[in-house]
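Have a look at query.txt; it's compact mmCIF, C-alpha atoms and all ligand atoms:
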# COMPACT_ATOMS: atom_id res chain seq x y z
CA MET A 1094 112.37 71.58 79.78
CA SER A 1095 113.50 73.56 82.77
CA ALA A 1096 111.76 73.82 86.08
CA ALA A 1097 110.20 77.16 86.95
CA SER A 1098 112.87 77.81 89.56
CA ASP A 1099 115.80 77.37 87.16
CA PRO A 1100 117.53 80.59 86.22
CA LEU A 1101 116.98 81.96 82.72
CA LEU A 1102 120.72 81.87 82.14
CA ASP A 1103 123.06 79.49 83.92
CA VAL A 1104 126.73 79.69 82.99
CA ARG A 1105 128.49 76.68 84.48
CA GLY A 1106 132.24 76.39 84.69
CA LEU A 1107 132.84 78.16 81.40
CA SER A 1108 136.45 78.17 80.19
CA LEU A 1109 137.52 79.84 76.98
CA ASP A 1110 140.85 80.32 75.21
CA PHE A 1111 141.90 82.64 72.41
CA GLY A 1112 144.54 81.37 70.03
CA SER A 1113 147.40 83.81 69.57
CA PRO A 1114 150.88 83.67 68.03
CA ARG A 1115 152.39 83.80 71.54
CA GLY A 1116 150.27 80.95 72.87
CA ARG A 1117 146.78 80.29 74.14
CA ILE A 1118 145.22 83.13 76.11
CA HIS A 1119 143.12 81.61 78.89
CA ALA A 1120 140.60 84.44 78.87
CA LEU A 1121 137.85 82.74 80.90
CA ARG A 1122 138.51 80.10 83.51
CA ASN A 1123 135.77 78.15 85.22
CA VAL A 1124 133.29 81.04 85.12
CA SER A 1125 129.89 80.44 86.69
CA LEU A 1126 127.01 82.84 87.07
CA GLU A 1127 123.25 82.86 87.03
CA VAL A 1128 120.73 85.34 85.72
CA GLY A 1129 117.24 84.79 87.04
CA ALA A 1130 114.15 85.75 85.05
CA GLY A 1131 113.57 89.50 85.32
CA ARG A 1132 116.87 90.06 87.18
CA VAL A 1133 119.45 92.70 86.31
CA VAL A 1134 122.95 91.34 86.81
CA GLY A 1135 126.06 93.50 86.61
CA ILE A 1136 129.51 92.25 85.61
CA VAL A 1137 132.34 94.41 86.94
CA GLY A 1138 136.11 94.26 86.81
CA GLU A 1139 139.06 96.11 85.36
CA SER A 1140 139.86 96.28 81.69
CA GLY A 1141 140.96 92.94 80.25
CA CYS A 1142 139.26 90.80 82.91
CA GLY A 1143 137.04 89.00 80.41
CA LYS A 1144 133.73 90.82 80.81
CA SER A 1145 133.13 91.33 77.09
CA THR A 1146 134.41 87.85 76.26
CA LEU A 1147 131.84 86.42 78.64
CA ALA A 1148 129.06 88.59 77.18
CA TYR A 1149 129.96 87.65 73.61
CA SER A 1150 130.22 83.97 74.42
CA ILE A 1151 126.68 84.01 75.78
CA ILE A 1152 125.21 85.65 72.70
CA GLY A 1153 127.39 83.57 70.36
CA LEU A 1154 129.33 86.40 68.74
CA LEU A 1155 132.88 85.35 69.58
CA ALA A 1156 135.93 86.08 67.48
CA ALA A 1157 137.07 83.28 65.18
CA ASN A 1158 140.15 82.54 67.33
CA ALA A 1159 138.03 81.83 70.43
CA GLU A 1160 137.53 78.28 71.61
CA VAL A 1161 135.31 77.14 74.46
CA VAL A 1162 137.35 74.50 76.28
CA GLY A 1163 134.95 73.64 79.07
CA GLY A 1164 131.64 74.29 80.72
CA GLU A 1165 128.11 75.06 79.64
CA ILE A 1166 125.95 78.06 78.88
CA VAL A 1167 122.46 76.95 79.70
CA PHE A 1168 119.79 79.35 78.47
CA SER A 1169 116.11 78.54 79.02
CA GLY A 1170 117.14 74.99 79.84
CA ARG A 1171 119.24 74.49 76.70
CA ASN A 1172 123.04 74.33 76.45
CA LEU A 1173 124.16 76.87 73.84
CA ILE A 1174 127.69 75.51 73.49
CA GLY A 1175 128.00 73.79 70.15
CA LEU A 1176 124.60 74.95 68.92
CA PRO A 1177 124.62 75.40 65.11
CA ASP A 1178 125.03 78.97 63.84
CA SER A 1179 121.54 78.99 62.39
CA GLU A 1180 120.03 78.21 65.79
CA MET A 1181 122.17 80.83 67.53
CA ARG A 1182 121.07 83.37 64.94
CA ALA A 1183 117.44 82.51 65.53
CA LEU A 1184 117.99 82.85 69.26
CA ARG A 1185 119.57 86.29 68.82
CA GLY A 1186 116.61 87.43 66.79
CA ARG A 1187 114.05 86.32 69.34
CA GLU A 1188 115.24 85.56 72.82
CA MET A 1189 118.46 87.50 73.30
CA SER A 1190 119.74 90.80 72.05
CA MET A 1191 122.65 93.04 72.76
CA ILE A 1192 123.62 96.68 73.02
CA PHE A 1193 127.22 97.77 72.60
CA GLN A 1194 129.55 100.47 73.88
CA ASP A 1195 129.61 102.11 70.47
CA PRO A 1196 126.10 102.34 68.99
CA MET A 1197 127.59 102.40 65.48
CA THR A 1198 128.61 98.75 66.02
CA ALA A 1199 124.97 97.84 65.75
CA LEU A 1200 123.77 100.46 63.28
CA ASN A 1201 124.31 100.47 59.55
CA PRO A 1202 125.50 103.99 58.59
CA VAL A 1203 124.03 103.88 55.09
CA GLN A 1204 120.48 102.81 55.99
CA THR A 1205 117.77 104.89 57.61
CA ILE A 1206 116.73 104.06 61.14
CA GLY A 1207 113.31 103.06 59.80
CA THR A 1208 114.75 100.56 57.33
CA GLN A 1209 116.85 99.00 60.07
CA MET A 1210 114.01 98.89 62.56
CA LEU A 1211 111.79 97.12 60.04
CA ALA A 1212 114.56 94.72 59.03
CA ILE A 1213 115.10 93.58 62.60
CA GLN A 1214 111.47 92.40 62.69
CA TYR A 1215 111.91 90.18 59.64
CA ARG A 1216 110.82 87.10 61.57
CA ASP A 1217 107.43 88.49 62.44
CA ALA A 1218 104.65 87.65 60.01
CA VAL A 1219 102.84 90.97 60.27
CA PRO A 1220 102.28 93.64 57.62
CA THR A 1221 104.92 96.34 57.15
CA ARG A 1222 102.61 99.03 58.46
CA GLU A 1223 102.30 97.09 61.71
CA LYS A 1224 106.09 96.80 61.93
CA ARG A 1225 106.39 100.52 61.31
CA LYS A 1226 103.88 101.18 64.08
CA ARG A 1227 105.88 99.03 66.47
CA ALA A 1228 109.08 100.83 65.52
CA VAL A 1229 107.45 104.19 66.24
CA GLU A 1230 106.09 102.95 69.55
CA MET A 1231 109.50 101.68 70.56
CA LEU A 1232 111.14 104.99 69.63
CA VAL A 1233 108.58 106.73 71.82
CA LYS A 1234 109.44 104.37 74.67
CA VAL A 1235 113.13 105.17 74.45
CA GLY A 1236 112.44 108.91 74.29
CA ILE A 1237 113.15 109.83 70.66
CA PRO A 1238 111.16 113.00 69.87
CA ASP A 1239 109.11 113.12 66.68
CA PRO A 1240 109.65 109.41 65.91
CA GLU A 1241 107.54 109.27 62.73
CA SER A 1242 109.80 111.63 60.84
CA ARG A 1243 112.98 110.41 62.57
CA LEU A 1244 112.47 106.99 60.96
CA LYS A 1245 113.65 108.61 57.73
CA ALA A 1246 116.91 109.82 59.27
CA TYR A 1247 120.32 108.14 59.11
CA PRO A 1248 122.38 107.22 62.18
CA HIS A 1249 124.82 110.13 61.75
CA GLN A 1250 121.94 112.58 62.04
CA PHE A 1251 121.53 111.66 65.72
CA SER A 1252 123.67 112.51 68.72
CA GLY A 1253 125.59 109.75 70.51
CA GLY A 1254 123.03 109.51 73.29
CA MET A 1255 120.13 109.36 70.81
CA ARG A 1256 121.93 106.69 68.79
CA GLN A 1257 122.30 104.56 71.92
CA ARG A 1258 118.56 105.03 72.58
CA ILE A 1259 117.87 103.81 69.04
CA CYS A 1260 120.06 100.75 69.65
CA ILE A 1261 118.12 100.02 72.81
CA ALA A 1262 114.88 100.34 70.84
CA MET A 1263 116.18 97.91 68.20
CA ALA A 1264 117.39 95.45 70.83
CA LEU A 1265 114.01 95.51 72.54
CA LEU A 1266 111.98 95.22 69.33
CA VAL A 1267 112.75 91.51 69.33
CA ASN A 1268 111.18 91.35 72.79
CA PRO A 1269 114.10 89.40 74.25
CA SER A 1270 114.02 87.54 77.53
CA LEU A 1271 117.69 88.49 77.97
CA LEU A 1272 119.27 91.81 77.03
CA ILE A 1273 123.05 91.91 77.15
CA ALA A 1274 124.58 95.36 77.50
CA ASP A 1275 128.35 95.74 77.13
CA GLU A 1276 129.33 99.09 78.66
CA PRO A 1277 126.51 100.90 76.85
CA THR A 1278 127.16 104.17 78.67
CA THR A 1279 130.95 104.30 78.67
CA ALA A 1280 131.14 106.47 75.55
CA LEU A 1281 128.58 108.95 76.90
CA ASP A 1282 129.03 111.86 79.27
CA ALA A 1283 127.87 111.56 82.87
CA THR A 1284 124.46 113.23 82.34
CA LEU A 1285 123.62 111.04 79.39
CA GLU A 1286 124.83 107.99 81.30
CA VAL A 1287 122.34 108.69 84.08
CA GLN A 1288 119.57 109.12 81.50
CA ILE A 1289 120.35 105.86 79.71
CA VAL A 1290 120.54 103.94 82.99
CA GLU A 1291 117.18 105.40 84.08
CA LEU A 1292 115.76 104.43 80.70
CA LEU A 1293 117.04 100.86 80.97
CA LYS A 1294 115.61 100.60 84.45
CA ASP A 1295 112.17 101.78 83.29
CA LEU A 1296 112.19 99.56 80.20
CA GLN A 1297 113.23 96.54 82.24
CA LYS A 1298 110.29 97.09 84.60
CA ASP A 1299 107.97 97.64 81.68
CA MET A 1300 109.10 94.67 79.55
CA GLY A 1301 110.23 92.32 82.30
CA CYS A 1302 113.34 91.06 80.52
CA SER A 1303 116.54 90.09 82.32
CA ILE A 1304 119.60 92.26 81.75
CA LEU A 1305 123.26 91.30 81.89
CA PHE A 1306 125.02 94.63 82.27
CA VAL A 1307 128.78 94.93 81.80
CA SER A 1308 130.27 98.03 83.38
CA HIS A 1309 133.38 99.69 84.77
CA HIS A 1310 131.26 102.02 86.84
CA LEU A 1311 130.36 100.67 90.23
CA GLY A 1312 127.96 103.54 90.83
CA THR A 1313 126.00 102.62 87.72
CA VAL A 1314 125.90 98.98 88.73
CA ALA A 1315 124.66 99.87 92.20
CA GLU A 1316 121.98 102.01 90.62
CA LEU A 1317 120.70 99.54 88.06
CA CYS A 1318 121.48 95.99 89.10
CA ASP A 1319 120.06 93.44 91.51
CA ASP A 1320 123.07 91.13 91.51
CA VAL A 1321 126.76 91.64 90.81
CA VAL A 1322 129.47 89.36 89.44
CA VAL A 1323 133.03 90.55 90.06
CA MET A 1324 135.57 89.30 87.54
CA TYR A 1325 139.32 89.37 87.81
CA ALA A 1326 141.74 88.14 85.13
CA GLY A 1327 139.22 85.75 83.60
CA GLU A 1328 137.75 84.39 86.82
CA VAL A 1329 134.70 85.20 88.90
CA VAL A 1330 136.15 86.14 92.29
CA GLU A 1331 132.94 87.20 94.01
CA ARG A 1332 129.23 87.29 93.35
CA GLY A 1333 126.19 88.32 95.33
CA SER A 1334 123.41 90.88 95.56
CA VAL A 1335 124.22 94.57 95.14
CA ARG A 1336 123.85 94.85 98.90
CA ASP A 1337 126.31 92.01 99.54
CA ILE A 1338 128.92 93.38 97.19
CA PHE A 1339 128.73 97.02 98.24
CA HIS A 1340 128.14 96.57 101.98
CA THR A 1341 130.05 93.38 102.77
CA PRO A 1342 132.61 92.90 100.02
CA SER A 1343 134.40 89.64 100.82
CA HIS A 1344 137.19 89.47 98.27
CA PRO A 1345 140.19 91.81 98.51
CA TYR A 1346 139.81 92.55 94.79
CA THR A 1347 136.23 93.75 95.30
CA GLU A 1348 137.42 95.86 98.24
CA ALA A 1349 140.13 97.36 96.08
CA LEU A 1350 137.65 98.16 93.30
CA LEU A 1351 135.35 99.86 95.79
CA GLU A 1352 138.20 101.85 97.30
CA CYS A 1353 139.12 103.09 93.83
CA ASP A 1354 135.60 104.39 93.41
CA PRO A 1355 135.19 107.28 95.84
CA GLY A 1356 131.62 107.77 94.70
CA ARG A 1357 130.78 104.39 96.20
CA ILE A 1358 127.08 103.85 95.87
CA ARG A 1359 125.43 107.23 95.53
CA GLU A 1360 127.67 109.46 93.50
CA LYS A 1361 128.61 108.87 89.92
CA THR A 1362 132.24 108.72 89.04
CA ARG A 1363 133.94 108.70 85.69
CA GLU A 1364 137.20 107.45 87.13
CA LEU A 1365 138.32 104.01 86.10
CA PRO A 1366 139.57 101.92 89.00
CA THR A 1367 143.32 101.94 89.39
CA ILE A 1368 144.68 99.27 91.65
CA PRO A 1369 148.49 99.10 91.90
CA GLY A 1370 150.03 96.41 89.71
CA ASP A 1371 148.82 94.69 86.57
CA VAL A 1372 146.44 91.91 85.62
CA PRO A 1373 148.56 88.72 85.31
CA ASN A 1374 149.56 87.21 82.00
CA LEU A 1375 146.72 85.03 80.76
CA ILE A 1376 148.98 82.83 78.65
CA ASP A 1377 151.02 81.47 81.59
CA VAL A 1378 148.43 81.78 84.32
CA PRO A 1379 150.24 81.75 87.67
CA ASP A 1380 149.55 79.05 90.27
CA GLY A 1381 147.64 79.81 93.43
CA CYS A 1382 145.18 82.68 93.83
CA ILE A 1383 144.91 84.76 90.67
CA PHE A 1384 144.87 88.03 92.66
CA ARG A 1385 147.76 87.23 95.01
CA SER A 1386 150.43 89.36 93.27
CA ARG A 1387 148.37 92.49 93.92
CA CYS A 1388 146.62 91.45 97.10
CA PRO A 1389 147.60 93.37 100.26
CA LYS A 1390 146.35 90.45 102.36
CA ALA A 1391 148.03 87.54 100.54
CA PHE A 1392 149.71 84.86 102.70
CA ASP A 1393 151.55 81.59 102.03
CA ARG A 1394 148.49 79.53 101.21
CA CYS A 1395 147.55 81.95 98.39
CA VAL A 1396 150.76 81.03 96.55
CA ARG A 1397 150.23 77.28 96.85
CA GLU A 1398 146.56 76.84 96.22
CA ALA A 1399 143.82 78.49 94.17
CA PRO A 1400 140.82 79.26 96.41
CA ALA A 1401 137.48 77.70 95.50
CA PRO A 1402 134.27 79.75 95.75
CA ARG A 1403 133.17 79.84 99.35
CA ARG A 1404 129.70 80.76 100.53
CA VAL A 1405 129.57 83.94 102.58
CA SER A 1406 125.79 84.02 103.06
CA GLY A 1407 122.76 83.12 100.95
CA GLY A 1408 123.68 83.70 97.32
CA HIS A 1409 126.87 85.59 98.26
CA GLU A 1410 130.13 83.79 97.50
CA ALA A 1411 133.78 84.73 97.16
CA SER A 1412 136.94 82.86 96.23
CA CYS A 1413 139.40 83.81 98.95
CA HIS A 1414 141.37 81.76 101.49
CA LEU A 1415 140.84 84.48 104.07
CA LEU A 1416 137.24 83.35 104.40
CA ASP A 1417 138.50 79.95 105.59
CA GLU A 1418 140.95 81.55 107.98
CA LEU A 1419 138.18 83.72 109.41
CA ALA A 1420 135.88 80.73 109.81
CA GLU A 1421 138.64 78.79 111.58
CA ALA A 1422 139.48 81.71 113.83
CA ALA A 1423 135.83 82.16 114.84
CA PRO A 1424 134.92 80.65 118.22
N1 LIG B 1 139.93 88.04 69.74
C1 LIG B 1 140.85 88.01 70.71
N2 LIG B 1 142.04 87.42 70.50
C2 LIG B 1 142.97 87.36 71.48
N3 LIG B 1 142.79 87.84 72.71
C3 LIG B 1 141.62 88.43 72.99
C4 LIG B 1 140.59 88.55 72.01
N4 LIG B 1 139.53 89.20 72.57
C5 LIG B 1 139.90 89.45 73.85
N5 LIG B 1 141.14 89.00 74.11
C6 LIG B 1 141.85 89.03 75.39
O1 LIG B 1 141.03 88.43 76.38
C7 LIG B 1 141.13 89.11 77.61
C8 LIG B 1 139.76 89.60 78.05
O2 LIG B 1 139.35 90.65 77.20
P1 LIG B 1 137.91 91.32 77.29
O3 LIG B 1 137.76 92.25 76.16
O4 LIG B 1 136.89 90.26 77.45
O5 LIG B 1 138.03 92.14 78.66
P2 LIG B 1 137.02 93.22 79.28
O6 LIG B 1 136.89 92.88 80.72
O7 LIG B 1 135.78 93.28 78.47
O8 LIG B 1 137.86 94.57 79.14
P3 LIG B 1 137.33 96.07 78.82
O9 LIG B 1 136.77 96.56 80.11
O10 LIG B 1 138.57 96.78 78.42
O11 LIG B 1 136.31 96.00 77.73
C9 LIG B 1 142.15 90.22 77.41
O12 LIG B 1 143.41 89.73 77.81
C10 LIG B 1 142.11 90.43 75.92
O13 LIG B 1 143.32 90.94 75.44
NI NI B 2 134.90 94.80 77.39

When written as structure tokens, how does the structure in this file appear?
Amino acid sequence: MSAASDPLLDVRGLSLDFGSPRGRIHALRNVSLEVGAGRVVGIVGESGCGKSTLAYSIIGLLAANAEVVGGEIVFSGRNLIGLPDSEMRALRGREMSMIFQDPMTALNPVQTIGTQMLAIQYRDAVPTREKRKRAVEMLVKVGIPDPESRLKAYPHQFSGGMRQRICIAMALLVNPSLLIADEPTTALDATLEVQIVELLKDLQKDMGCSILFVSHHLGTVAELCDDVVVMYAGEVVERGSVRDIFHTPSHPYTEALLECDPGRIREKTRELPTIPGDVPNLIDVPDGCIFRSRCPKAFDRCVREAPAPRRVSGGHEASCHLLDELAEAAP
């Protein structure tokens, strides 16, 4: 049993490799993060930094060539690493659910929405008419007009935005304590993105679940999240509250991401961050700081030694040697 103050989700030092013909890809290295009950936590970072891998490892939907090589994923006081498939499946049907970038990942194209929304409630020992009622109520909550008759429609009969709303409804029908969202708005245009984010915000308040929200869009994260985890090349380089990350970014990578996003906090931007240089090879991970080859502030120590997470303030921490230098330079 966990104490009341323990976070709902506590990822501790998670390391994960993918097997590949060219060697092992060290896709996650010593990743730690916490999601408190009722908190909305954003994961940001460029493409290929391991955001989806982290999300999938938590919900237990990793590719067959993935291997967890270290660490723990503690959810409601229980380590999920090594849990039998049947238990993970039960967990996904009750305590955790996920929404994806492409709603068709989650929807079956040859079944009606109604059939799928009833099927997802298979664990609940209530009559079908009750399940149908719940499905209708959930469609109302996510803003699907005329839900009764829409239950008879197939996924292709909805627009992309409506399909994502349906996926949200399905994910929330299991009444999860943790909803994982992997770039759920990336495939949508800016107006629809705003609508979906507003919807998630309202539903989160209404249902009280925690959300782990993976996104490229810093503006969206600022809008929706309480806390932010910044990932670079398979590592967490900084984490803190939205305020910490957007007002006092303390890792040069976070600063670079913010500079690439002219919208900063208020305005929405569709631009993906472009920082000069490339994410390092994850097969032969270089020594020293993982960001040093692209860091405008790198110095000799960054080549020799990988920085450990250092506390900036409260729950705000960053892995950068500059924080030590600043502390030493301070009077
Ligand atoms: N099944 C797999 N086999 C081998 N390598 C993989 C596999 N899945 C992901 N990777 C690699 O792991 C790294 C992290 O990928 P991941 O998809 O988690 O990144 P991401 O941050 O979600 O990127 P994006 O923003 O593009 O979705 C990348 O180098 C990717 O190529
Ligand atoms: Ni991804």

task = Could you give me, as a PyMOL selection string, the residues that have an atom at most 9 Å away from the point (113.8, 84.0, 76.4) in the coordinates of the file, using all atoms listed in the file?
result = chain A and resi 1101+1130+1168-1169+1184+1187-1189+1268-1271+1302-1303

key: Using only C-alpha atoms and all ligand atoms: which of A:Gly1236, A:Gly1407, A:Gly1141, A:Gly1106 has the shortest distance to ligand NI 2 (chain B)   =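 Closest residue, counting only C-alpha atoms and all ligand atoms: A:Gly1141.
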
request  = Do a neighbour search on A:Asp1178 at 12 Å with only C-alpha atoms, toss out local chain neighbours closer than 5 positions, and write the hits as a list in words.
outcome  = Ile1152, Gly1153, Leu1154, Leu1155, Leu1173, Ala1183, Leu1184 and Arg1185 of chain A

task = Give the answer as one residue: which of A:Met1255, A:Val1330, A:Ile1376, A:Ala1349 has the shortest atom-to-atom distance to A:Met1197, using only C-alpha atoms?
result =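 Among A:Met1255, A:Val1330, A:Ile1376, A:Ala1349, it is A:Met1255 that comes nearest to A:Met1197.
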
Might you pull out every residue within 12 Å of A:Pro1369, with only C-alpha atoms counted and same-chain residues fewer than 4 positions away left off, and present them as a PDB file with C-alpha atoms, keeping the file's coordinate frame?
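What follows is the written file part-v1.pdb:
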ATOM      1  CA  GLU A1139     139.060  96.110  85.360  1.00  0.00           C
ATOM      2  CA  TYR A1346     139.810  92.550  94.790  1.00  0.00           C
ATOM      3  CA  ALA A1349     140.130  97.360  96.080  1.00  0.00           C
ATOM      4  CA  LEU A1350     137.650  98.160  93.300  1.00  0.00           C
ATOM      5  CA  GLU A1352     138.200 101.850  97.300  1.00  0.00           C
ATOM      6  CA  CYS A1353     139.120 103.090  93.830  1.00  0.00           C
ATOM      7  CA  PHE A1384     144.870  88.030  92.660  1.00  0.00           C
ATOM      8  CA  SER A1386     150.430  89.360  93.270  1.00  0.00           C
ATOM      9  CA  ARG A1387     148.370  92.490  93.920  1.00  0.00           C
ATOM     10  CA  CYS A1388     146.620  91.450  97.100  1.00  0.00           C
ATOM     11  CA  PRO A1389     147.600  93.370 100.260  1.00  0.00           C
TER      12      PRO A1389
END

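Comparing A:Pro1277, A:Gly1333, A:Pro1238, A:Pro1248 by their smallest distance to A:Met1210, the closest is A:Pro1248 (using only C-alpha atoms).
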
Neighbourhood of ligand NI 2 (chain B) at 12 Å, counting all atoms listed in the file, reported as a list in words =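 Those residues are Ala1120, Ile1136, Val1137, Gly1138, Glu1139, Ser1140, Gly1141, Cys1142, Gly1143, Lys1144, Ser1145, Thr1146, Leu1147, Ala1148, Tyr1149, Phe1193, Gln1194, Asp1195, Ala1274, Asp1275, Glu1276, Pro1277, Thr1279, Phe1306, Val1307, Ser1308, His1309, Met1324 and Gly1327 of chain A.
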
Mind writing the picked residues with C-alpha atoms as an mmCIF file, keeping the file's coordinate frame?
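The resulting file, part-v7.cif, is shown below:
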data_model
loop_
_atom_site.group_PDB
_atom_site.id
_atom_site.type_symbol
_atom_site.label_atom_id
_atom_site.label_comp_id
_atom_site.auth_asym_id
_atom_site.auth_seq_id
_atom_site.Cartn_x
_atom_site.Cartn_y
_atom_site.Cartn_z
ATOM 1 C CA ALA A 1120 140.600 84.440 78.870
ATOM 2 C CA ILE A 1136 129.510 92.250 85.610
ATOM 3 C CA VAL A 1137 132.340 94.410 86.940
ATOM 4 C CA GLY A 1138 136.110 94.260 86.810
ATOM 5 C CA GLU A 1139 139.060 96.110 85.360
ATOM 6 C CA SER A 1140 139.860 96.280 81.690
ATOM 7 C CA GLY A 1141 140.960 92.940 80.250
ATOM 8 C CA CYS A 1142 139.260 90.800 82.910
ATOM 9 C CA GLY A 1143 137.040 89.000 80.410
ATOM 10 C CA LYS A 1144 133.730 90.820 80.810
ATOM 11 C CA SER A 1145 133.130 91.330 77.090
ATOM 12 C CA THR A 1146 134.410 87.850 76.260
ATOM 13 C CA LEU A 1147 131.840 86.420 78.640
ATOM 14 C CA ALA A 1148 129.060 88.590 77.180
ATOM 15 C CA TYR A 1149 129.960 87.650 73.610
ATOM 16 C CA PHE A 1193 127.220 97.770 72.600
ATOM 17 C CA GLN A 1194 129.550 100.470 73.880
ATOM 18 C CA ASP A 1195 129.610 102.110 70.470
ATOM 19 C CA ALA A 1274 124.580 95.360 77.500
ATOM 20 C CA ASP A 1275 128.350 95.740 77.130
ATOM 21 C CA GLU A 1276 129.330 99.090 78.660
ATOM 22 C CA PRO A 1277 126.510 100.900 76.850
ATOM 23 C CA THR A 1279 130.950 104.300 78.670
ATOM 24 C CA PHE A 1306 125.020 94.630 82.270
ATOM 25 C CA VAL A 1307 128.780 94.930 81.800
ATOM 26 C CA SER A 1308 130.270 98.030 83.380
ATOM 27 C CA HIS A 1309 133.380 99.690 84.770
ATOM 28 C CA MET A 1324 135.570 89.300 87.540
ATOM 29 C CA GLY A 1327 139.220 85.750 83.600
#

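Look at A:Glu1331: the protein and nucleic acid residues within 8 Å of it, using only C-alpha atoms and passing over chain neighbours fewer than 3 places away, are Val1322, Val1323, Met1324, Ser1343, His1344, Thr1347, Pro1402, His1409, Glu1410, Ala1411 and Ser1412 of chain A.
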
ask   = What's the 10 Å shell around A:Ala1199, counting all atoms listed in the file, without same-chain residues fewer than 4 positions away, as a list of chain:residue names?
value = A:Met1191, A:Ile1192, A:Phe1193, A:Gln1194, A:Asp1195, A:Gln1209, A:Arg1256, A:Gln1257, A:Ile1259, A:Cys1260, A:Met1263, A:Ala1264

How would the residues just chosen look if you wrote them out with C-alpha atoms as a PDB file, keeping the file's coordinate frame?
ATOM      1  CA  MET A1191     122.650  93.040  72.760  1.00  0.00           C
ATOM      2  CA  ILE A1192     123.620  96.680  73.020  1.00  0.00           C
ATOM      3  CA  PHE A1193     127.220  97.770  72.600  1.00  0.00           C
ATOM      4  CA  GLN A1194     129.550 100.470  73.880  1.00  0.00           C
ATOM      5  CA  ASP A1195     129.610 102.110  70.470  1.00  0.00           C
ATOM      6  CA  GLN A1209     116.850  99.000  60.070  1.00  0.00           C
ATOM      7  CA  ARG A1256     121.930 106.690  68.790  1.00  0.00           C
ATOM      8  CA  GLN A1257     122.300 104.560  71.920  1.00  0.00           C
ATOM      9  CA  ILE A1259     117.870 103.810  69.040  1.00  0.00           C
ATOM     10  CA  CYS A1260     120.060 100.750  69.650  1.00  0.00           C
ATOM     11  CA  MET A1263     116.180  97.910  68.200  1.00  0.00           C
ATOM     12  CA  ALA A1264     117.390  95.450  70.830  1.00  0.00           C
TER      13      ALA A1264
END

Contacts of A:Val1167 at 6 Å (only C-alpha atoms; same-chain gap of 2+ positions) as a list of chain:residue names =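 Near A:Val1167, the qualifying residues are A:Leu1102, A:Asp1103, A:Glu1165, A:Gly1170, A:Arg1171, A:Asn1172.
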
With C-alpha atoms retained, write the just-selected residues as a compact mmCIF listing (two decimals), keeping the file's coordinate frame.
# COMPACT_ATOMS: atom_id res chain seq x y z
CA LEU A 1102 120.72 81.87 82.14
CA ASP A 1103 123.06 79.49 83.92
CA GLU A 1165 128.11 75.06 79.64
CA GLY A 1170 117.14 74.99 79.84
CA ARG A 1171 119.24 74.49 76.70
CA ASN A 1172 123.04 74.33 76.45

task = Between A:Ala1159, A:Leu1272, A:Ala1423, A:Val1219, single out the one closest to A:Leu1305, counting all atoms listed in the file.
result = A:Leu1272

query = Mind pulling up the distance from atom CA of A:Gly1186 to atom CA of A:Pro1220?
reply =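 For atom CA of A:Pro1220 relative to atom CA of A:Gly1186, the distance reads 18.1 Å.
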
Mind dumping a table of every stretch 1138-1252 of chain A residue within 12 Å of stretch 1282-1297 of chain A, with the nearest atom pair and its distance in Å to one decimal, using all atoms listed in the file, sorted by chain and rising number, as a Markdown table?
| residue | atom | partner | partner_atom | distance |
| --- | --- | --- | --- | --- |
| A:Ile1192 | CA | A:Leu1293 | CA | 11.1 |
| A:Gln1194 | CA | A:Glu1286 | CA | 11.6 |
| A:Met1231 | CA | A:Leu1296 | CA | 10.2 |
| A:Leu1232 | CA | A:Leu1296 | CA | 11.9 |
| A:Val1233 | CA | A:Leu1296 | CA | 11.6 |
| A:Lys1234 | CA | A:Leu1296 | CA | 7.8 |
| A:Val1235 | CA | A:Leu1292 | CA | 6.8 |
| A:Gly1236 | CA | A:Leu1292 | CA | 8.5 |
| A:Ile1237 | CA | A:Leu1292 | CA | 11.7 |
| A:Ser1252 | CA | A:Leu1285 | CA | 10.8 |

query = How many Å lie between atom CA of A:Asp1299 and atom CA of A:Ala1315, rounded to one decimal?
reply =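 Taking atom CA of A:Asp1299 as the start and atom CA of A:Ala1315 as the end point, the length is 19.9 Å.
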
With all atoms of ligand LIG 1 (chain B) from the file as input, state the centre and edge lengths in Å to one decimal of the axis-aligned box that has 3 Å extra on each side, as JSON.
{"center_x": 139.6, "center_y": 92.1, "center_z": 75.2, "size_x": 13.6, "size_y": 15.4, "size_z": 17.0}

inquiry  = Would you compute the distance between atom CA of A:Ile1273 and atom CA of A:Ile1151? Give it in Å to one decimal.
reply    = 8.8 Å

ask   = From the list A:Ala1212, A:Ile1118, A:Val1124, A:Cys1395, which residue is nearest ligand LIG 1 (chain B) when using all atoms listed in the file?
value =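 Selected residue with least distance to ligand LIG 1 (chain B): A:Ile1118.
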